[in-house]
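Enquirer: Structure: protein-v2.json, JSON, C-alpha atoms.
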[["chain", "number", "residue", "atom", "x", "y", "z"],
["A", 1, "MET", "CA", 0.00, 0.00, 0.00],
["A", 2, "LYS", "CA", 1.35, 3.43, -0.98],
["A", 3, "SER", "CA", 1.36, 5.94, 1.86],
["A", 4, "THR", "CA", -0.07, 9.44, 1.39],
["A", 5, "ILE", "CA", 1.30, 12.61, 2.98],
["A", 6, "ALA", "CA", -1.32, 14.65, 4.81],
["A", 7, "ASP", "CA", -0.60, 18.35, 4.23],
["A", 8, "GLY", "CA", -1.37, 20.65, 7.15],
["A", 9, "ILE", "CA", -2.71, 23.33, 4.81],
["A", 10, "HIS", "CA", -5.84, 21.21, 4.35],
["A", 11, "TYR", "CA", -6.55, 20.93, 8.07],
["A", 12, "PHE", "CA", -5.46, 24.19, 9.72],
["A", 13, "GLY", "CA", -8.24, 26.44, 8.41],
["A", 14, "ARG", "CA", -8.33, 29.74, 6.57],
["A", 15, "SER", "CA", -6.02, 31.59, 8.94],
["A", 16, "GLY", "CA", -3.25, 29.01, 8.65],
["A", 17, "PHE", "CA", -2.83, 28.85, 12.42],
["A", 18, "PRO", "CA", -1.30, 25.35, 12.91],
["A", 19, "LEU", "CA", -4.07, 23.91, 15.07],
["A", 20, "GLY", "CA", -7.21, 22.32, 13.67],
["A", 21, "VAL", "CA", -10.07, 20.03, 14.66],
["A", 22, "CYS", "CA", -11.62, 17.46, 12.32],
["A", 23, "ARG", "CA", -14.44, 15.02, 13.00],
["A", 24, "VAL", "CA", -14.74, 11.61, 11.43],
["A", 25, "ARG", "CA", -18.07, 9.76, 11.42],
["A", 26, "THR", "CA", -18.73, 6.30, 10.04],
["A", 27, "ASP", "CA", -21.97, 5.59, 8.18],
["A", 28, "ALA", "CA", -23.07, 2.46, 6.34],
["A", 29, "THR", "CA", -21.17, 3.44, 3.17],
["A", 30, "HIS", "CA", -18.11, 4.93, 4.93],
["A", 31, "THR", "CA", -18.70, 8.26, 3.20],
["A", 32, "SER", "CA", -15.87, 10.77, 3.65],
["A", 33, "SER", "CA", -16.47, 13.07, 6.60],
["A", 34, "HIS", "CA", -14.62, 16.03, 5.08],
["A", 35, "PRO", "CA", -12.84, 16.81, 1.77],
["A", 36, "HIS", "CA", -9.45, 15.57, 2.98],
["A", 37, "ASP", "CA", -10.59, 12.57, 5.01],
["A", 38, "LEU", "CA", -7.78, 9.97, 4.98],
["A", 39, "THR", "CA", -9.19, 7.77, 7.74],
["A", 40, "GLU", "CA", -9.05, 4.59, 5.64],
["A", 41, "VAL", "CA", -5.99, 5.59, 3.58],
["A", 42, "GLU", "CA", -2.51, 4.93, 4.90],
["A", 43, "HIS", "CA", -0.94, 8.32, 5.49],
["A", 44, "SER", "CA", 1.54, 10.26, 7.58],
["A", 45, "HIS", "CA", 1.99, 13.94, 8.42],
["A", 46, "ASP", "CA", 4.54, 16.32, 9.89],
["A", 47, "PHE", "CA", 2.30, 17.53, 12.70],
["A", 48, "CYS", "CA", 0.93, 15.88, 15.83],
["A", 49, "GLU", "CA", -2.56, 14.42, 15.91],
["A", 50, "LEU", "CA", -4.44, 13.79, 19.14],
["A", 51, "VAL", "CA", -7.06, 11.12, 18.44],
["A", 52, "ILE", "CA", -10.19, 10.94, 20.61],
["A", 53, "VAL", "CA", -12.44, 7.93, 19.95],
["A", 54, "THR", "CA", -15.95, 9.01, 20.91],
["A", 55, "CYS", "CA", -17.99, 6.11, 19.55],
["A", 56, "GLY", "CA", -17.69, 2.65, 17.96],
["A", 57, "ILE", "CA", -14.77, 0.33, 17.34],
["A", 58, "ALA", "CA", -12.10, -0.22, 14.69],
["A", 59, "MET", "CA", -8.62, -1.56, 14.03],
["A", 60, "HIS", "CA", -5.93, 1.09, 14.00],
["A", 61, "MET", "CA", -3.10, 0.16, 11.64],
["A", 62, "LEU", "CA", 0.07, 1.93, 12.78],
["A", 63, "GLU", "CA", 3.44, 1.34, 11.12],
["A", 64, "GLY", "CA", 2.32, -2.18, 10.11],
["A", 65, "ASN", "CA", 0.92, -3.07, 13.55],
["A", 66, "ALA", "CA", -2.80, -3.52, 14.29],
["A", 67, "PHE", "CA", -4.33, -2.19, 17.49],
["A", 68, "PRO", "CA", -8.03, -2.39, 18.38],
["A", 69, "VAL", "CA", -9.58, 0.92, 19.44],
["A", 70, "THR", "CA", -12.90, 1.63, 21.10],
["A", 71, "ALA", "CA", -14.89, 4.56, 22.48],
["A", 72, "GLY", "CA", -12.93, 6.31, 25.24],
["A", 73, "ASP", "CA", -9.47, 5.67, 23.79],
["A", 74, "VAL", "CA", -7.29, 8.78, 23.51],
["A", 75, "PHE", "CA", -3.79, 8.69, 22.06],
["A", 76, "LEU", "CA", -1.20, 10.85, 20.34],
["A", 77, "LEU", "CA", 0.12, 10.27, 16.84],
["A", 78, "GLN", "CA", 3.46, 11.94, 16.31],
["A", 79, "GLY", "CA", 4.60, 13.18, 12.92],
["A", 80, "ARG", "CA", 5.79, 10.81, 10.18],
["A", 81, "GLN", "CA", 3.95, 7.78, 11.61],
["A", 82, "ARG", "CA", 2.11, 5.81, 8.91],
["A", 83, "HIS", "CA", -1.39, 4.89, 10.00],
["A", 84, "PHE", "CA", -5.03, 4.37, 9.01],
["A", 85, "PHE", "CA", -8.21, 2.76, 10.38],
["A", 86, "SER", "CA", -9.90, -0.39, 9.13],
["A", 87, "GLN", "CA", -12.87, -2.55, 10.11],
["A", 88, "ARG", "CA", -14.78, 0.51, 11.28],
["A", 89, "GLU", "CA", -18.06, -0.10, 13.07],
["A", 90, "ASP", "CA", -19.92, 3.10, 14.01],
["A", 91, "LEU", "CA", -16.52, 4.70, 14.60],
["A", 92, "ASP", "CA", -16.57, 8.40, 15.44],
["A", 93, "LEU", "CA", -13.33, 10.30, 16.02],
["A", 94, "ILE", "CA", -12.26, 13.79, 16.97],
["A", 95, "ASN", "CA", -8.82, 14.54, 15.55],
["A", 96, "ILE", "CA", -6.98, 17.52, 17.02],
["A", 97, "MET", "CA", -4.05, 18.38, 14.80],
["A", 98, "TYR", "CA", -1.32, 20.77, 15.86],
["A", 99, "ASP", "CA", 2.32, 21.69, 15.36],
["A", 100, "PRO", "CA", 3.75, 21.99, 18.91],
["A", 101, "GLU", "CA", 6.68, 24.14, 17.84],
["A", 102, "LYS", "CA", 4.77, 26.61, 15.69],
["A", 103, "ILE", "CA", 2.05, 27.29, 18.26],
["A", 104, "GLY", "CA", 4.58, 27.73, 21.05],
["A", 105, "LEU", "CA", 3.53, 25.17, 23.63],
["A", 106, "PRO", "CA", 5.20, 25.67, 27.05],
["A", 107, "GLU", "CA", 6.86, 22.24, 27.02],
["A", 108, "ASN", "CA", 8.89, 22.86, 30.17],
["A", 109, "GLU", "CA", 5.73, 23.65, 32.10],
["A", 110, "LEU", "CA", 3.85, 20.67, 30.67],
["A", 111, "ARG", "CA", 6.69, 18.30, 31.52],
["A", 112, "LYS", "CA", 6.19, 19.11, 35.19],
["A", 113, "LEU", "CA", 3.10, 16.88, 34.89],
["A", 114, "PRO", "CA", 4.07, 13.17, 35.13],
["A", 115, "GLY", "CA", 0.92, 12.31, 33.19],
["A", 116, "TYR", "CA", 1.97, 14.56, 30.31],
["A", 117, "CYS", "CA", 5.42, 12.98, 30.18],
["A", 118, "ALA", "CA", 3.86, 9.51, 30.19],
["A", 119, "MET", "CA", 1.08, 10.10, 27.67],
["A", 120, "PHE", "CA", 2.59, 12.60, 25.24],
["A", 121, "MET", "CA", 6.28, 11.61, 25.38],
["A", 122, "LEU", "CA", 6.59, 7.98, 26.52],
["A", 123, "GLU", "CA", 3.42, 6.17, 25.39],
["A", 124, "PRO", "CA", 4.02, 6.75, 21.64],
["A", 125, "ALA", "CA", 7.52, 5.26, 21.99],
["A", 126, "TYR", "CA", 6.31, 2.23, 23.97],
["A", 127, "ARG", "CA", 3.03, 1.60, 22.12],
["A", 128, "TYR", "CA", 4.33, -1.43, 20.20],
["A", 129, "ARG", "CA", 6.01, -3.08, 23.17],
["A", 130, "HIS", "CA", 2.91, -2.62, 25.31],
["A", 131, "ARG", "CA", 0.55, -3.66, 22.51],
["A", 132, "PHE", "CA", -1.39, -0.42, 23.07],
["A", 133, "ALA", "CA", -2.19, -1.38, 26.69],
["A", 134, "SER", "CA", -0.54, 1.83, 27.97],
["A", 135, "ARG", "CA", -2.98, 4.08, 26.08],
["A", 136, "LEU", "CA", -5.37, 6.39, 27.93],
["A", 137, "HIS", "CA", -8.91, 5.04, 28.14],
["A", 138, "LEU", "CA", -11.60, 7.37, 29.50],
["A", 139, "SER", "CA", -14.90, 6.38, 31.04],
["A", 140, "ARG", "CA", -18.09, 8.03, 29.84],
["A", 141, "VAL", "CA", -18.08, 11.11, 32.11],
["A", 142, "PRO", "CA", -14.50, 12.31, 31.49],
["A", 143, "LEU", "CA", -14.92, 11.47, 27.79],
["A", 144, "ALA", "CA", -17.93, 13.80, 27.70],
["A", 145, "GLN", "CA", -15.82, 16.54, 29.30],
["A", 146, "VAL", "CA", -13.14, 16.03, 26.65],
["A", 147, "GLU", "CA", -15.79, 16.22, 23.92],
["A", 148, "LEU", "CA", -17.01, 19.56, 25.28],
["A", 149, "LEU", "CA", -13.48, 20.96, 25.17],
["A", 150, "ALA", "CA", -12.97, 19.66, 21.63],
["A", 151, "GLU", "CA", -16.31, 21.18, 20.54],
["A", 152, "ALA", "CA", -15.24, 24.56, 21.92],
["A", 153, "MET", "CA", -12.00, 24.29, 19.92],
["A", 154, "GLU", "CA", -13.97, 23.34, 16.84],
["A", 155, "ARG", "CA", -16.13, 26.46, 17.15],
["A", 156, "GLU", "CA", -13.04, 28.64, 17.48],
["A", 157, "CYS", "CA", -11.58, 27.06, 14.33],
["A", 158, "GLU", "CA", -14.77, 27.57, 12.35],
["A", 159, "GLY", "CA", -15.41, 31.12, 13.54],
["A", 160, "ALA", "CA", -11.80, 32.34, 13.21],
["A", 161, "ALA", "CA", -12.78, 35.46, 15.16],
["A", 162, "PRO", "CA", -10.06, 37.89, 16.26],
["A", 163, "GLY", "CA", -8.09, 36.26, 19.06],
["A", 164, "HIS", "CA", -9.05, 32.72, 18.07],
["A", 165, "GLU", "CA", -5.39, 31.69, 17.97],
["A", 166, "VAL", "CA", -4.95, 32.62, 21.64],
["A", 167, "ALA", "CA", -8.22, 30.90, 22.56],
["A", 168, "LEU", "CA", -7.27, 27.74, 20.68],
["A", 169, "ARG", "CA", -3.85, 27.52, 22.31],
["A", 170, "ALA", "CA", -5.43, 28.01, 25.73],
["A", 171, "LYS", "CA", -8.05, 25.33, 25.13],
["A", 172, "LEU", "CA", -5.44, 22.88, 23.82],
["A", 173, "LEU", "CA", -3.41, 23.41, 27.00],
["A", 174, "GLU", "CA", -6.53, 22.91, 29.11],
["A", 175, "LEU", "CA", -7.21, 19.68, 27.24],
["A", 176, "MET", "CA", -3.62, 18.48, 27.66],
["A", 177, "VAL", "CA", -3.69, 19.14, 31.40],
["A", 178, "PHE", "CA", -7.04, 17.34, 31.73],
["A", 179, "LEU", "CA", -5.73, 14.30, 29.81],
["A", 180, "SER", "CA", -2.43, 14.31, 31.71],
["A", 181, "ARG", "CA", -4.25, 14.22, 35.03],
["A", 182, "ALA", "CA", -6.52, 11.47, 33.73],
["A", 183, "TYR", "CA", -3.48, 9.46, 32.65],
["A", 184, "THR", "CA", -2.02, 9.76, 36.15],
["A", 185, "ALA", "CA", -5.14, 7.96, 37.44],
["A", 186, "THR", "CA", -4.81, 5.12, 34.91],
["A", 187, "ASP", "CA", -4.69, 1.70, 36.58],
["A", 188, "THR", "CA", -2.94, -0.47, 33.97],
["A", 189, "THR", "CA", 0.47, -1.97, 34.73],
["A", 190, "GLU", "CA", 1.89, -0.62, 31.47],
["A", 191, "ALA", "CA", 0.74, 2.94, 32.18],
["A", 192, "HIS", "CA", 2.20, 2.79, 35.69],
["A", 193, "ALA", "CA", 5.59, 1.86, 34.21],
["A", 194, "LEU", "CA", 5.53, 4.98, 32.02],
["A", 195, "LEU", "CA", 4.31, 7.15, 34.87],
["A", 196, "ARG", "CA", 7.32, 6.14, 36.97],
["A", 197, "VAL", "CA", 9.62, 7.64, 34.34],
["A", 198, "GLY", "CA", 7.22, 10.57, 33.96],
["A", 199, "ASN", "CA", 7.68, 11.20, 37.68],
["A", 200, "VAL", "CA", 11.44, 11.49, 37.14],
["A", 201, "ILE", "CA", 11.05, 13.99, 34.30],
["A", 202, "GLY", "CA", 8.54, 15.95, 36.35],
["A", 203, "ALA", "CA", 10.86, 16.01, 39.36],
["A", 204, "LEU", "CA", 13.74, 17.35, 37.25],
["A", 205, "GLU", "CA", 11.53, 20.02, 35.67],
["A", 206, "ASN", "CA", 10.11, 21.10, 39.03],
["A", 207, "ASP", "CA", 13.45, 21.29, 40.88],
["A", 208, "PHE", "CA", 16.12, 21.65, 38.20],
["A", 209, "ALA", "CA", 18.59, 23.51, 40.47],
["A", 210, "ARG", "CA", 18.75, 20.68, 43.01],
["A", 211, "ASP", "CA", 21.93, 18.63, 43.28],
["A", 212, "TRP", "CA", 20.28, 15.44, 42.02],
["A", 213, "LYS", "CA", 21.92, 12.06, 42.54],
["A", 214, "VAL", "CA", 21.14, 9.14, 40.24],
["A", 215, "GLU", "CA", 20.15, 7.11, 43.29],
["A", 216, "GLU", "CA", 17.41, 9.64, 44.07],
["A", 217, "LEU", "CA", 16.02, 9.33, 40.55],
["A", 218, "LEU", "CA", 16.05, 5.54, 40.83],
["A", 219, "ALA", "CA", 14.06, 5.82, 44.04],
["A", 220, "ILE", "CA", 11.48, 8.06, 42.37],
["A", 221, "ALA", "CA", 11.14, 5.69, 39.41],
["A", 222, "HIS", "CA", 11.25, 2.49, 41.48],
["A", 223, "MET", "CA", 13.41, 1.07, 38.68],
["A", 224, "SER", "CA", 16.88, -0.38, 38.31],
["A", 225, "ARG", "CA", 19.60, 1.86, 36.89],
["A", 226, "SER", "CA", 19.71, -0.01, 33.57],
["A", 227, "ASN", "CA", 15.92, 0.09, 33.16],
["A", 228, "LEU", "CA", 15.65, 3.79, 33.94],
["A", 229, "MET", "CA", 18.51, 4.68, 31.59],
["A", 230, "ARG", "CA", 17.03, 2.61, 28.76],
["A", 231, "VAL", "CA", 13.48, 3.94, 29.07],
["A", 232, "PHE", "CA", 14.55, 7.53, 29.70],
["A", 233, "ARG", "CA", 16.88, 7.57, 26.69],
["A", 234, "LYS", "CA", 14.21, 6.08, 24.45],
["A", 235, "ALA", "CA", 11.75, 8.77, 25.53],
["A", 236, "THR", "CA", 14.05, 11.80, 25.44],
["A", 237, "GLY", "CA", 17.16, 10.77, 23.50],
["A", 238, "GLN", "CA", 19.27, 11.59, 26.57],
["A", 239, "THR", "CA", 20.31, 10.22, 29.94],
["A", 240, "PRO", "CA", 18.63, 11.81, 32.98],
["A", 241, "ILE", "CA", 21.79, 13.78, 33.82],
["A", 242, "ASP", "CA", 22.17, 15.07, 30.24],
["A", 243, "TYR", "CA", 18.51, 16.06, 30.32],
["A", 244, "LEU", "CA", 19.08, 17.95, 33.57],
["A", 245, "VAL", "CA", 22.13, 19.79, 32.23],
["A", 246, "ARG", "CA", 20.24, 20.85, 29.09],
["A", 247, "LEU", "CA", 17.32, 22.00, 31.21],
["A", 248, "ARG", "CA", 19.63, 24.11, 33.38],
["A", 249, "ILE", "CA", 21.30, 25.66, 30.33],
["A", 250, "GLN", "CA", 17.88, 26.51, 28.90],
["A", 251, "LYS", "CA", 16.91, 28.23, 32.16],
["A", 252, "ALA", "CA", 20.24, 30.09, 32.16],
["A", 253, "MET", "CA", 19.61, 31.33, 28.61],
["A", 254, "GLY", "CA", 16.36, 32.84, 29.77],
["A", 255, "MET", "CA", 18.05, 34.59, 32.69],
["A", 256, "LEU", "CA", 20.84, 35.91, 30.47],
["A", 257, "ARG", "CA", 18.22, 37.47, 28.20],
["A", 258, "SER", "CA", 15.99, 38.91, 30.91],
["A", 259, "THR", "CA", 18.31, 39.91, 33.76],
["A", 260, "ASP", "CA", 21.62, 41.64, 34.42],
["A", 261, "PHE", "CA", 22.68, 39.16, 37.11],
["A", 262, "PRO", "CA", 26.38, 38.23, 37.05],
["A", 263, "ILE", "CA", 27.10, 35.01, 35.14],
["A", 264, "THR", "CA", 28.46, 33.33, 38.27],
["A", 265, "GLU", "CA", 25.21, 34.10, 40.08],
["A", 266, "ILE", "CA", 23.15, 32.72, 37.18],
["A", 267, "ALA", "CA", 25.23, 29.55, 37.19],
["A", 268, "LEU", "CA", 24.49, 29.02, 40.89],
["A", 269, "GLU", "CA", 20.82, 29.90, 40.45],
["A", 270, "VAL", "CA", 20.26, 27.17, 37.85],
["A", 271, "GLY", "CA", 22.22, 24.50, 39.73],
["A", 272, "PHE", "CA", 25.88, 24.75, 38.65],
["A", 273, "ASN", "CA", 28.27, 25.01, 41.60],
["A", 274, "ASP", "CA", 31.25, 25.58, 39.30],
["A", 275, "SER", "CA", 30.96, 28.58, 36.96],
["A", 276, "ASN", "CA", 33.78, 27.27, 34.74],
["A", 277, "TYR", "CA", 31.92, 23.99, 34.25],
["A", 278, "PHE", "CA", 28.77, 25.99, 33.51],
["A", 279, "THR", "CA", 30.61, 27.98, 30.83],
["A", 280, "ARG", "CA", 31.98, 24.81, 29.22],
["A", 281, "GLN", "CA", 28.55, 23.18, 29.12],
["A", 282, "PHE", "CA", 26.94, 26.37, 27.84],
["A", 283, "ARG", "CA", 29.49, 26.65, 25.02],
["A", 284, "ARG", "CA", 29.03, 22.97, 24.13],
["A", 285, "MET", "CA", 25.24, 23.25, 23.86],
["A", 286, "VAL", "CA", 24.75, 26.80, 22.60],
["A", 287, "GLY", "CA", 27.91, 27.20, 20.51],
["A", 288, "MET", "CA", 29.18, 30.27, 22.32],
["A", 289, "PRO", "CA", 30.06, 31.29, 25.90],
["A", 290, "PRO", "CA", 27.33, 32.84, 28.08],
["A", 291, "ARG", "CA", 28.93, 36.31, 28.03],
["A", 292, "ARG", "CA", 28.78, 36.45, 24.25],
["A", 293, "PHE", "CA", 25.24, 35.08, 24.25],
["A", 294, "ARG", "CA", 24.17, 37.89, 26.60],
["A", 295, "LEU", "CA", 25.56, 40.51, 24.18],
["A", 296, "LEU", "CA", 23.28, 39.16, 21.47],
["A", 297, "LYS", "CA", 20.11, 39.44, 23.56],
["A", 298, "GLY", "CA", 19.21, 42.83, 22.11]]
Please express the file's structure as structure tokens.
Expert:
Amino acid sequence: MKSTIADGIHYFGRSGFPLGVCRVRTDATHTSSHPHDLTEVEHSHDFCELVIVTCGIAMHMLEGNAFPVTAGDVFLLQGRQRHFFSQREDLDLINIMYDPEKIGLPENELRKLPGYCAMFMLEPAYRYRHRFASRLHLSRVPLAQVELLAEAMERECEGAAPGHEVALRAKLLELMVFLSRAYTATDTTEAHALLRVGNVIGALENDFARDWKVEELLAIAHMSRSNLMRVFRKATGQTPIDYLVRLRIQKAMGMLRSTDFPITEIALEVGFNDSNYFTRQFRRMVGMPPRRFRLLKG
């Protein structure tokens, strides 16, 4: 089967703001729900798609693997993943499509939520190993709340009134927080495994200046060193310590732009006890020393 590329221009509305909402409904003839409906066509895209199954059942074909979905399932499809739905029976979906970089999501704030780390960062990477058992599944009441949020986003997309971009971003964040909290309450073994690593990421984000020891992170995760390193690297591409150093450098960049604090003071504020080590790490990650970076802030 030849895969199709879904172009964001067809889904992001007249304004071009990279966040859109599309509904998919299944009737007896599987009529297309909108002009660019690729539900039953293998496709990929370069944006994220949050899928909310509101009714019915189907098989979700993802990168050659088949996963059954049913009403209440909510999961994230990251860019470039080939997928489509087959064997649809009364399947209704709400697809929320967005480009996280172009709409400026506050990732550092979101990562303070263990449920966000687990659902939006870890679950997509571990979906195959867990055979989709680590997905979020909502009961009827929270699913109805999610539908109301999605409907409000849909109205903003359709109306495109002045300020709709701000409203859409705010509602997406509200939805993400709601789903992250719901994921934290998930009772499956597979979800708990991801939440343990999510707790580590959240701890680092919430207290980045602390002098963390690997043993403390292992205690938070309730995992062996090898397991934590493997799962953490698969989710973030880094070890926990590398992640922490990058987080501190990012915080320091913000302080260099917004304050006149001495560089030594900034280094201490973000968790570096040695200003020379801070400068070396800053140069390695940013490509220039902090003093030169500060001169460019204007």
Enquirer: Can you tell me, as a PyMOL selection string, what residues are no more than 9 Å from Thr39 (chain A) when counting only C-alpha atoms, ignoring any on the same chain fewer than 3 positions away?
Expert: chain A and resi 24+32+42-43+83-86
Enquirer: For CA of Ala191 (chain A) and CA of Tyr128 (chain A), quote the distance in Å rounded to one decimal.
Expert: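 Rounded to one decimal, the two atoms are 13.2 Å apart.
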Enquirer: Report the distance between CA of Ala219 (chain A) and CA of Ala235 (chain A) in Å, rounded to one decimal place.
Expert: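 Rounded to one decimal, the two atoms are 18.9 Å apart.
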Enquirer: Neighbours of Asn108 (chain A) within 12 Å (all atoms listed in the file; same-chain residues fewer than 5 positions away dropped), as a PyMOL selection string?
Expert: chain A and resi 113-114+116-117+201-208+243-244+246-248+250-251
Enquirer: Please determine, counting only C-alpha atoms, which residue among A:Pro142, A:Pro124, A:Gly271, A:Pro262 has the shortest atom-to-atom distance to Thr236 (chain A).
Expert: A:Pro124
Enquirer: Do you have the CA of Asn276 (chain A)-CA of Gln238 (chain A) distance handy?
Expert: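 Here the two named atoms are 22.9 Å from each other.
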Enquirer: Identify which of the residues A:Glu89, A:Pro106, A:Gly64, A:Ile249 lies closest to Thr29 (chain A), counting all atoms listed in the file when measuring atom-to-atom distances.
Expert: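 Of the candidates, the smallest distance to Thr29 (chain A) is held by A:Glu89.
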Enquirer: Can I get region 254-272 of chain A with N, CA and C atoms filled in, as a PDB file, in the coordinates of the input?
Expert:
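Once everything was written out, this is result_6.pdb:
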ATOM      1  N   GLY A 254      17.437  31.912  29.471  1.00  0.00           N
ATOM      2  CA  GLY A 254      16.360  32.840  29.770  1.00  0.00           C
ATOM      3  C   GLY A 254      16.794  33.952  30.723  1.00  0.00           C
ATOM      4  N   MET A 255      17.581  33.593  31.732  1.00  0.00           N
ATOM      5  CA  MET A 255      18.050  34.590  32.690  1.00  0.00           C
ATOM      6  C   MET A 255      19.059  35.550  32.060  1.00  0.00           C
ATOM      7  N   LEU A 256      19.879  35.037  31.157  1.00  0.00           N
ATOM      8  CA  LEU A 256      20.840  35.910  30.470  1.00  0.00           C
ATOM      9  C   LEU A 256      20.117  36.930  29.605  1.00  0.00           C
ATOM     10  N   ARG A 257      18.990  36.541  29.042  1.00  0.00           N
ATOM     11  CA  ARG A 257      18.220  37.470  28.200  1.00  0.00           C
ATOM     12  C   ARG A 257      17.462  38.498  29.034  1.00  0.00           C
ATOM     13  N   SER A 258      16.959  38.073  30.188  1.00  0.00           N
ATOM     14  CA  SER A 258      15.990  38.910  30.910  1.00  0.00           C
ATOM     15  C   SER A 258      16.532  39.613  32.152  1.00  0.00           C
ATOM     16  N   THR A 259      17.758  39.290  32.561  1.00  0.00           N
ATOM     17  CA  THR A 259      18.310  39.910  33.760  1.00  0.00           C
ATOM     18  C   THR A 259      19.737  40.406  33.509  1.00  0.00           C
ATOM     19  N   ASP A 260      20.224  41.193  34.458  1.00  0.00           N
ATOM     20  CA  ASP A 260      21.620  41.640  34.420  1.00  0.00           C
ATOM     21  C   ASP A 260      22.437  40.978  35.524  1.00  0.00           C
ATOM     22  N   PHE A 261      21.957  39.867  36.051  1.00  0.00           N
ATOM     23  CA  PHE A 261      22.680  39.160  37.110  1.00  0.00           C
ATOM     24  C   PHE A 261      24.060  38.727  36.597  1.00  0.00           C
ATOM     25  N   PRO A 262      25.062  38.727  37.447  1.00  0.00           N
ATOM     26  CA  PRO A 262      26.380  38.230  37.050  1.00  0.00           C
ATOM     27  C   PRO A 262      26.281  36.763  36.602  1.00  0.00           C
ATOM     28  N   ILE A 263      27.145  36.365  35.692  1.00  0.00           N
ATOM     29  CA  ILE A 263      27.100  35.010  35.140  1.00  0.00           C
ATOM     30  C   ILE A 263      27.327  33.971  36.236  1.00  0.00           C
ATOM     31  N   THR A 264      28.220  34.272  37.165  1.00  0.00           N
ATOM     32  CA  THR A 264      28.460  33.330  38.270  1.00  0.00           C
ATOM     33  C   THR A 264      27.192  33.121  39.090  1.00  0.00           C
ATOM     34  N   GLU A 265      26.449  34.196  39.317  1.00  0.00           N
ATOM     35  CA  GLU A 265      25.210  34.100  40.080  1.00  0.00           C
ATOM     36  C   GLU A 265      24.161  33.291  39.315  1.00  0.00           C
ATOM     37  N   ILE A 266      24.095  33.486  38.002  1.00  0.00           N
ATOM     38  CA  ILE A 266      23.150  32.720  37.180  1.00  0.00           C
ATOM     39  C   ILE A 266      23.495  31.243  37.224  1.00  0.00           C
ATOM     40  N   ALA A 267      24.792  30.947  37.133  1.00  0.00           N
ATOM     41  CA  ALA A 267      25.230  29.550  37.190  1.00  0.00           C
ATOM     42  C   ALA A 267      24.761  28.892  38.478  1.00  0.00           C
ATOM     43  N   LEU A 268      24.931  29.566  39.596  1.00  0.00           N
ATOM     44  CA  LEU A 268      24.490  29.020  40.890  1.00  0.00           C
ATOM     45  C   LEU A 268      22.975  28.893  40.941  1.00  0.00           C
ATOM     46  N   GLU A 269      22.284  29.878  40.400  1.00  0.00           N
ATOM     47  CA  GLU A 269      20.820  29.900  40.450  1.00  0.00           C
ATOM     48  C   GLU A 269      20.210  28.712  39.723  1.00  0.00           C
ATOM     49  N   VAL A 270      20.837  28.276  38.618  1.00  0.00           N
ATOM     50  CA  VAL A 270      20.260  27.170  37.850  1.00  0.00           C
ATOM     51  C   VAL A 270      20.832  25.808  38.242  1.00  0.00           C
ATOM     52  N   GLY A 271      21.779  25.791  39.222  1.00  0.00           N
ATOM     53  CA  GLY A 271      22.220  24.500  39.730  1.00  0.00           C
ATOM     54  C   GLY A 271      23.662  24.128  39.472  1.00  0.00           C
ATOM     55  N   PHE A 272      24.465  25.041  38.885  1.00  0.00           N
ATOM     56  CA  PHE A 272      25.880  24.750  38.650  1.00  0.00           C
ATOM     57  C   PHE A 272      26.713  25.356  39.784  1.00  0.00           C
TER      58      PHE A 272
END
